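Novice: Structure in structure tokens, see below.
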2 protein chains.
Amino acid sequence: MEFNFPSKVLFRAIESFNSLPGVGKKTALRYTLNLLKMEPDEIMRFADNIKRLAVDIRFCEQCHNISDQKICDICSNSSRKQDVICVVQDVRDVLAIENTQQYNGLYHVLGGVISPIDGIGPSDLNVESLEERVKSQNVQEIILALSTTMEGDTTNFYLYRKLGNFPVQISTIARGMGFGDEIEYTDELTLGRSIINRIPYKGGNK
Amino acid sequence: MEFNFPSKVLFRAIESFNSLPGVGKKTALRYTLNLLKMEPDEIMRFADNIKRLAVDIRFCEQCHNISDQKICDICSNSSRKQDVICVVQDVRDVLAIENTQQYNGLYHVLGGVISPIDGIGPSDLNVESLEERVKSQNVQEIILALSTTMEGDTTNFYLYRKLGNFPVQISTIARGMGFGDEIEYTDELTLGRSIINRIPYKGGNK
């Protein structure tokens with residue numbers, strides 16, 4: 001099914017939105033018509049904000065996080081612990097962890113996880129630069145915060161083997177029941193691990 | 001809940017997407033990160049396609065449809081019937097009807113329907129220019145293709161009163177059961193109208 005568009009300009013804008021993940025022709029049309037209701041100034045600002053993604057965005061040379069500068073705001077923030085590195089899969093995870101306000105160290109964005117099926121090996125990830133950081137900087141702890149999938153676990157294991165010889169503590173984030181989960185509906189693997197990795201109760205809800 | 005964005009450029013792009021209807025912070029982030037995976041050229045083209053909405057898009061002076069030129073492709077297409085005008089609520093409806101490939105006349109985009117609750121009266125719609133077209137051009141038929149809502153019906157009635165004195169046939173699109181609908185689950189109003197407006201059976205599925 002193809003729409004006949006009354007205008008090439010309209011068509012191309014719709015096509016652009018259509019190229020985003022999960023945006024079909026109808027949604028792209030809705031976005032475009034909605035833009036058309038805005039003031040020209042606003043549309044120009046929208047376009048400019050996107051253009052600047054191409055021009056101004058770069059990745060931090062140390063942790064590979066998105067940044068405006070060579071070194072990102074997190075890496076260059078001297079009030080953060082410089083000797084703890086949290087290893088994550090991608091930029092979204094940095095945002096998610098930052099959002100918890102429970103972490104005050106640095107990050108290292110791998111850019112993916114090892115996945116032989118998808119043809120992604122260690123050399124496709126930012127592993128070498130992580131090793132370099134552990135070697136050259138005074139890193140005390142590496143926190144592996146990858147997804148609890150087969151690929152995540154494989155990557156965890158690989159990194160553990162790679163970095164285990166350095167004088168650095170390696171930990172993974174805790175796996176267990178989430179807040180609000182019910183015992184009855186928790187899968188047995190998670191529940192089993194929750195029991196094995198039980199923590200001393202201190203009278204609080206943490 | 002607020003994300004701490006590592007880059008103002010990123011933040012502004014996310015904000016822009018966030019201003020679209022039905023796009024929350026998380027979806028806006030997903031769109032933006034996806035754009036960042038594209039080649040700079042592609043991002044620039046995306047931005048340019050949006051910029052051109054502000055610069056190049058105008059509305060047809062005759063039918064108020066979206067157009068690149070003063071008069072849209074449909075109005076200026078001489079192979080279309082110039083004496084039939086289909087009145088619709090907005091540009092999306094033009095696309096939907098064009099898509100059926102069952103109509104070969106012209107359009108008139110009202111820009112809305114009469115809705116006292118929302119403070120939209122006839123003067124807020126492109127009614128005057130429709131009257132002008134009926135007066136000055138050799139229009140044989142007006143097809144009212146508005147939504148089957150209270151507001152749509154009100155607008156139908158208003159236009160009928162306004163244009164009824166001109167030597168022009170006024171029709172509304174058929175209301176009835178949709179293809180694939182089951183009698184049992186059709187609301188009584190629609191079913192009732194379907195019976196009243198029954199059409200002679202010609203042995204086909206039309």
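We label chains A, B, ... in the order they appear in the structure tokens, count residues from 1 in each chain, and number ligands from 1 in the order shown.
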Mind listing as a PyMOL selection string which residues of chain A are within 7 Å of chain B, counting only C-alpha atoms?

Specialist: chain A and resi 3-7+9-10+12-13+16+20-21+31+36+40+43-44+46-54+57+66-68+72-73+95+98-99

Novice: I need the strand (DSSP E) residues of chain B per DSSP on the backbone, written as a ChimeraX atom specification.

Specialist: /B:58-59,66-67,84-88,106-109,141-144,169-172

Novice: Can you tell me how far CA of Asn126 (chain A) sits from CA of Gln169 (chain A), in Å to one decimal?

Specialist: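 Pair CA of Asn126 (chain A) / CA of Gln169 (chain A) returns 19.6 Å.
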
Novice: Name all residues at most 12 Å from Pro167 (chain B) (count only C-alpha atoms; drop same-chain ones fewer than 5 positions away) and give them as a list in words.

Specialist: Val134, Lys135, Ser136, Gln137, Asn138, Val139, Gln140, Glu141 and Ile142 of chain B

Novice: Would you mind exporting C-alpha atoms of the selected residues as a short mmCIF file (atom, residue, chain, number, x, y, z; two decimals), in the first residue's frame?

Specialist:
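So part.cif came out as:
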```cif
data_model
loop_
_atom_site.label_atom_id
_atom_site.label_comp_id
_atom_site.auth_asym_id
_atom_site.auth_seq_id
_atom_site.Cartn_x
_atom_site.Cartn_y
_atom_site.Cartn_z
CA VAL B 134 -19.11 26.65 -5.98
CA LYS B 135 -20.14 30.14 -7.10
CA SER B 136 -17.40 30.85 -9.59
CA GLN B 137 -16.53 27.42 -10.98
CA ASN B 138 -18.76 25.02 -12.81
CA VAL B 139 -19.19 22.59 -9.90
CA GLN B 140 -21.66 19.77 -10.47
CA GLU B 141 -21.29 17.79 -7.27
CA ILE B 142 -20.08 18.26 -3.72
#
```

Novice: Can you pull out the residues contacting Glu131 (chain B)? Cut-off 10 Å, using only C-alpha atoms, and skip same-chain residues under 6 positions away; I want them as a VMD selection string.

Specialist: chain B and resid 137 159 162 to 163 166

Novice: Check the DSSP output for the backbone and give back, as a PyMOL selection string, the residues of region 53-189 of chain B in helix (DSSP H, G or I).

Specialist: chain B and resi 53-56+91-100+116-118+122-124+128-136+150-163+183-185+188-189

Novice: Restricted to C-alpha atoms, what would the selected residues look like written as a PDB file, in the first residue's frame?

Specialist:
```pdb
ATOM      1  CA  LEU B  53       9.033  21.591   5.565  1.00  0.00           C
ATOM      2  CA  ALA B  54       9.423  25.079   6.982  1.00  0.00           C
ATOM      3  CA  VAL B  55      10.794  26.589   3.798  1.00  0.00           C
ATOM      4  CA  ASP B  56       9.053  24.904   0.896  1.00  0.00           C
ATOM      5  CA  VAL B  91      -4.833  16.603   4.637  1.00  0.00           C
ATOM      6  CA  ARG B  92      -4.703  13.084   6.020  1.00  0.00           C
ATOM      7  CA  ASP B  93      -8.183  12.431   4.646  1.00  0.00           C
ATOM      8  CA  VAL B  94      -7.058  13.482   1.173  1.00  0.00           C
ATOM      9  CA  LEU B  95      -4.276  10.916   1.371  1.00  0.00           C
ATOM     10  CA  ALA B  96      -6.667   8.231   2.613  1.00  0.00           C
ATOM     11  CA  ILE B  97      -9.162   8.845  -0.189  1.00  0.00           C
ATOM     12  CA  GLU B  98      -6.450   9.120  -2.849  1.00  0.00           C
ATOM     13  CA  ASN B  99      -5.234   5.809  -1.582  1.00  0.00           C
ATOM     14  CA  THR B 100      -8.509   4.088  -2.450  1.00  0.00           C
ATOM     15  CA  PRO B 116     -18.642  24.525  19.635  1.00  0.00           C
ATOM     16  CA  ILE B 117     -17.001  22.751  22.593  1.00  0.00           C
ATOM     17  CA  ASP B 118     -13.556  23.418  21.131  1.00  0.00           C
ATOM     18  CA  PRO B 122     -17.589  27.988  10.536  1.00  0.00           C
ATOM     19  CA  SER B 123     -15.414  31.100  10.300  1.00  0.00           C
ATOM     20  CA  ASP B 124     -12.412  29.099  11.514  1.00  0.00           C
ATOM     21  CA  GLU B 128     -15.897  30.784   2.487  1.00  0.00           C
ATOM     22  CA  SER B 129     -13.428  29.660  -0.149  1.00  0.00           C
ATOM     23  CA  LEU B 130     -15.566  26.568  -0.768  1.00  0.00           C
ATOM     24  CA  GLU B 131     -18.611  28.749  -1.346  1.00  0.00           C
ATOM     25  CA  GLU B 132     -16.505  30.865  -3.682  1.00  0.00           C
ATOM     26  CA  ARG B 133     -15.499  27.804  -5.685  1.00  0.00           C
ATOM     27  CA  VAL B 134     -19.108  26.649  -5.981  1.00  0.00           C
ATOM     28  CA  LYS B 135     -20.140  30.143  -7.101  1.00  0.00           C
ATOM     29  CA  SER B 136     -17.401  30.852  -9.585  1.00  0.00           C
ATOM     30  CA  MET B 150     -21.519  14.642  16.043  1.00  0.00           C
ATOM     31  CA  GLU B 151     -19.160  17.394  14.854  1.00  0.00           C
ATOM     32  CA  GLY B 152     -18.924  15.881  11.393  1.00  0.00           C
ATOM     33  CA  ASP B 153     -22.689  15.683  11.113  1.00  0.00           C
ATOM     34  CA  THR B 154     -23.077  19.248  12.345  1.00  0.00           C
ATOM     35  CA  THR B 155     -20.630  20.413   9.714  1.00  0.00           C
ATOM     36  CA  ASN B 156     -22.423  18.380   7.030  1.00  0.00           C
ATOM     37  CA  PHE B 157     -25.673  20.046   7.969  1.00  0.00           C
ATOM     38  CA  TYR B 158     -24.135  23.506   8.011  1.00  0.00           C
ATOM     39  CA  LEU B 159     -22.565  23.039   4.585  1.00  0.00           C
ATOM     40  CA  TYR B 160     -25.801  21.609   3.223  1.00  0.00           C
ATOM     41  CA  ARG B 161     -27.681  24.729   4.360  1.00  0.00           C
ATOM     42  CA  LYS B 162     -24.946  26.982   3.006  1.00  0.00           C
ATOM     43  CA  LEU B 163     -24.594  25.342  -0.403  1.00  0.00           C
ATOM     44  CA  ILE B 183     -23.763  -8.168  11.917  1.00  0.00           C
ATOM     45  CA  GLU B 184     -23.770  -9.351  15.511  1.00  0.00           C
ATOM     46  CA  TYR B 185     -21.097  -6.898  16.591  1.00  0.00           C
ATOM     47  CA  GLU B 188     -27.393  -0.570  16.216  1.00  0.00           C
ATOM     48  CA  LEU B 189     -27.111   2.925  14.735  1.00  0.00           C
TER      49      LEU B 189
END
```

Novice: What is the distance, in Å and to one decimal place, between CA of Ile195 (chain A) and CA of Asp181 (chain A)?

Specialist: 14.5 Å

Novice: Provide the CA of Ile143 (chain A) to CA of Ile173 (chain A) distance in Å, to one decimal place.

Specialist: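 Separation between CA of Ile143 (chain A) and CA of Ile173 (chain A): 6.8 Å.
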
Novice: List the neighbours of Ala174 (chain B) out to 12 Å using only C-alpha atoms; skip same-chain residues closer than 6 positions along the sequence, and give me the result as a list in words.

Specialist: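 Answer for this query is Ile143, Leu144, Ala145, Leu146, Ser147, Thr148, Thr190, Arg193, Ser194, Ile196, Asn197, Arg198 and Ile199 of chain B.
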